[in-house]
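Just below is one structure, and these are the notes that go with it.
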Amino acid sequence: MKPEEIDRLFRNELEKLDQVPGVEWNETGAWEKLKIQLKGGWSSSMILTVSIIVITAVMWLVYIVSNHKDAPIPQNHHTAKQSLPAKVDSINKKEEKKAVHSTKKFSKVNRLPVKEIDTIAISATDTTVIPLPQEELKESNKIITTILRKDKGIKLPSVKSDFNFEIPEQSVLRMKVNNQFNISNLIKSIEAGKNAEDNFYYYYEYDKNFIPPPFENTYKKNNLGKPQIITNFIK
Amino acid sequence: MSSIKTLYAECLKGNAKAQRALFKAFSQKMFTHCYRYLRNREDAEDAIIQGFLKVYQNIHKLEYQGEKEFEAWIRKIIVNEALMFLRKKDSIKFYDHSEAEEIHSMNDDFSRLCAEDIYAMIAALPTGLRTIFNLYAIEGYSHQEIATMLDIGESTSRSQLVKARRALQYQLTKNNHSHEA
């Protein structure tokens, strides 16, 4: 027998065999394992794809957020236009109310048109002292006297003698340092003070014979160190 | 016949049922081949699993020409997997080729030997001889191909084949005489 014949014999005999003698083939078990690997293979590629997408998205979000933080606060034209005046209005209203309340109260008690320009306190906290130039203070006085004359049409012998708004040189105006600090707000405060003074004129108009008693004003520092007008009636 | 072609077509689409059917159709036969190389049930099973994974992943590379060709392609993949297992285990050990001797011609009648006996004889060979004999005599690879596959010299492949034949001849004669007795 030639070597090639041995090969052929073995090959032919083995071709007849469909299973390993004495060894069972667990086809179902092997398939279960293969199925897991097949699913695992697909799912791992899917997991990889999904994780790449998620990582990219997260990095993109982080990038956007970091840029957003670094960037200046976006100025929304609409909100800027709407909110600021509304804020200013509300502050002005509060301020007005406060000023009217304080002056009316003062007027009711003293029945005198007293105005403390130098102690207009818009806010007790967060305030700072700003020396107001003397020229500006004088300008304020002029405005007040003009308003009084125009509105009431009352001849006043002398504004200065009746309503001494002269403010000592050392006086200061307390105003909150913010974007509302301007001359228009100052005038609003003065007008509020004027409303208080109307009480005085009410009496004056009600009783035509009412003659305001002669008085003189002096200045005195109150407990808070603010200058205060003290009116002394001359009997 | 056409069912295998259908299975092939469905496996191309990634149909799980077709994959299962293909596994059922060929796994038993492939296990027989694999076991002939590995002689270990667990290893053979793992090689089959890895081999079929490759079959499903690379089925698009094959042009269907017939059932036999398809089976041969699967078998080639499975045998390669088995060889990879052997390489991983570093269990292929070859005898010194100087010991190789040509087999003298035999005039015995081996018709009484059954396939199971033949299979057992091959399985009883040492790993190196068994691998070379399987690749050359059963699978039909040339010595050059075997040398490349196993990263050995062609002369080593030849000498190992001679040794394997000699061992098998001895077993054949022994078994034949025992059957006669």
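Letters for chains follow the order of the structure tokens (A, B, ...), residue numbers begin at 1 for each chain, and ligand numbers begin at 1 in the order shown.
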
I need the chain A residues near chain B as an mmCIF file with N, CA, C and O atoms, in the first residue's frame; criterion: at most 8 Å, counting only C-alpha atoms.
data_model
loop_
_atom_site.group_PDB
_atom_site.id
_atom_site.type_symbol
_atom_site.label_atom_id
_atom_site.label_comp_id
_atom_site.auth_asym_id
_atom_site.auth_seq_id
_atom_site.Cartn_x
_atom_site.Cartn_y
_atom_site.Cartn_z
ATOM 1 N N MET A 1 0.849 -1.207 0.000
ATOM 2 C CA MET A 1 0.000 0.000 0.000
ATOM 3 C C MET A 1 0.876 1.246 0.000
ATOM 4 O O MET A 1 1.746 1.391 0.856
ATOM 5 N N LYS A 2 0.613 2.084 -0.989
ATOM 6 C CA LYS A 2 1.414 3.308 -1.107
ATOM 7 C C LYS A 2 0.952 4.340 -0.072
ATOM 8 O O LYS A 2 -0.219 4.305 0.350
ATOM 9 N N PRO A 3 1.854 5.251 0.249
ATOM 10 C CA PRO A 3 1.446 6.291 1.229
ATOM 11 C C PRO A 3 0.210 7.070 0.790
ATOM 12 O O PRO A 3 -0.639 7.409 1.619
ATOM 13 N N ILE A 6 -2.879 5.253 1.681
ATOM 14 C CA ILE A 6 -3.233 5.407 3.108
ATOM 15 C C ILE A 6 -4.014 6.704 3.304
ATOM 16 O O ILE A 6 -5.054 6.726 3.983
ATOM 17 N N ASP A 7 -3.510 7.756 2.671
ATOM 18 C CA ASP A 7 -4.175 9.067 2.785
ATOM 19 C C ASP A 7 -5.613 8.974 2.283
ATOM 20 O O ASP A 7 -6.541 9.482 2.915
ATOM 21 N N ARG A 8 -5.759 8.327 1.112
ATOM 22 C CA ARG A 8 -7.085 8.205 0.494
ATOM 23 C C ARG A 8 -8.024 7.395 1.391
ATOM 24 O O ARG A 8 -9.182 7.758 1.573
ATOM 25 N N PHE A 10 -7.914 6.968 4.641
ATOM 26 C CA PHE A 10 -8.312 7.773 5.809
ATOM 27 C C PHE A 10 -9.321 8.856 5.424
ATOM 28 O O PHE A 10 -10.306 9.095 6.126
ATOM 29 N N ARG A 11 -9.033 9.511 4.301
ATOM 30 C CA ARG A 11 -9.910 10.604 3.849
ATOM 31 C C ARG A 11 -11.321 10.082 3.562
ATOM 32 O O ARG A 11 -12.311 10.670 4.007
ATOM 33 N N GLU A 13 -12.760 7.332 4.622
ATOM 34 C CA GLU A 13 -13.441 6.843 5.833
ATOM 35 C C GLU A 13 -13.945 7.998 6.693
ATOM 36 O O GLU A 13 -15.046 7.943 7.239
ATOM 37 N N LEU A 14 -13.111 9.031 6.763
ATOM 38 C CA LEU A 14 -13.504 10.187 7.602
ATOM 39 C C LEU A 14 -14.687 10.954 7.012
ATOM 40 O O LEU A 14 -15.492 11.521 7.745
ATOM 41 N N LYS A 16 -17.196 9.733 5.766
ATOM 42 C CA LYS A 16 -18.430 9.039 6.151
ATOM 43 C C LYS A 16 -18.915 9.464 7.538
ATOM 44 O O LYS A 16 -20.071 9.318 7.883
ATOM 45 N N LEU A 17 -17.961 9.980 8.299
ATOM 46 C CA LEU A 17 -18.287 10.339 9.690
ATOM 47 C C LEU A 17 -18.990 11.700 9.764
ATOM 48 O O LEU A 17 -18.532 12.683 9.194
ATOM 49 N N ASP A 18 -20.098 11.683 10.457
ATOM 50 C CA ASP A 18 -20.802 12.944 10.662
ATOM 51 C C ASP A 18 -20.669 13.449 12.090
ATOM 52 O O ASP A 18 -21.021 14.583 12.389
ATOM 53 N N GLN A 19 -20.216 12.550 12.944
ATOM 54 C CA GLN A 19 -20.041 12.988 14.339
ATOM 55 C C GLN A 19 -18.844 12.299 14.977
ATOM 56 O O GLN A 19 -18.412 11.241 14.509
ATOM 57 N N VAL A 20 -18.344 12.914 15.996
ATOM 58 C CA VAL A 20 -17.167 12.395 16.677
ATOM 59 C C VAL A 20 -17.584 11.173 17.496
ATOM 60 O O VAL A 20 -18.528 11.267 18.292
ATOM 61 N N PRO A 21 -16.899 10.032 17.259
ATOM 62 C CA PRO A 21 -17.279 8.836 18.029
ATOM 63 C C PRO A 21 -17.043 9.036 19.521
ATOM 64 O O PRO A 21 -15.960 9.437 19.951
ATOM 65 N N VAL A 23 -18.166 11.298 21.467
ATOM 66 C CA VAL A 23 -18.259 12.686 21.972
ATOM 67 C C VAL A 23 -19.532 13.325 21.416
ATOM 68 O O VAL A 23 -19.729 13.353 20.203
ATOM 69 N N TRP A 25 -22.086 16.285 20.521
ATOM 70 C CA TRP A 25 -22.020 17.694 20.125
ATOM 71 C C TRP A 25 -23.241 18.434 20.670
ATOM 72 O O TRP A 25 -24.375 18.156 20.263
ATOM 73 N N GLU A 27 -25.184 21.092 20.268
ATOM 74 C CA GLU A 27 -25.430 22.123 19.261
ATOM 75 C C GLU A 27 -26.206 23.308 19.849
ATOM 76 O O GLU A 27 -25.870 24.475 19.585
ATOM 77 N N ALA A 30 -23.997 25.415 22.148
ATOM 78 C CA ALA A 30 -23.031 26.189 21.356
ATOM 79 C C ALA A 30 -23.721 27.373 20.666
ATOM 80 O O ALA A 30 -23.168 28.472 20.603
ATOM 81 N N TRP A 31 -24.949 27.115 20.166
ATOM 82 C CA TRP A 31 -25.690 28.186 19.504
ATOM 83 C C TRP A 31 -26.020 29.319 20.488
ATOM 84 O O TRP A 31 -25.933 30.503 20.142
ATOM 85 N N LYS A 33 -24.337 30.213 23.058
ATOM 86 C CA LYS A 33 -23.092 30.986 23.259
ATOM 87 C C LYS A 33 -22.826 31.885 22.054
ATOM 88 O O LYS A 33 -22.433 33.049 22.198
ATOM 89 N N LEU A 34 -23.010 31.292 20.881
ATOM 90 C CA LEU A 34 -22.761 32.053 19.647
ATOM 91 C C LEU A 34 -23.734 33.230 19.527
ATOM 92 O O LEU A 34 -23.351 34.335 19.114
ATOM 93 N N GLN A 37 -22.667 36.023 21.628
ATOM 94 C CA GLN A 37 -21.533 36.731 20.993
ATOM 95 C C GLN A 37 -21.988 37.562 19.806
ATOM 96 O O GLN A 37 -21.477 38.654 19.584
ATOM 97 N N LEU A 38 -22.964 36.998 19.073
ATOM 98 C CA LEU A 38 -23.497 37.752 17.925
ATOM 99 C C LEU A 38 -24.172 39.030 18.413
ATOM 100 O O LEU A 38 -23.915 40.116 17.890
#

Nearest residue to Ile152 (chain B) from the set B:Leu22, B:Lys93, B:Arg130, B:Leu125 (distances using only C-alpha atoms): B:Lys93

For CA of Gly153 (chain B) and CA of Glu71 (chain B), the interatomic separation in Å (one decimal):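 Between these atoms lies a distance of 29.4 Å.
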
Filtered DSSP result for chain B, state helix (DSSP H, G or I), as a PyMOL selection string: chain B and resi 2-12+16-38+41-61+67-89+97-99+115-123+127-138+143-150+154-180

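In this structure, CA of Ser51 (chain A) sits 21.0 Å away from CA of Ile36 (chain A).
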
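Taking CA of Leu12 (chain B) and CA of Leu83 (chain B) as the two end points, the separation is 26.4 Å.
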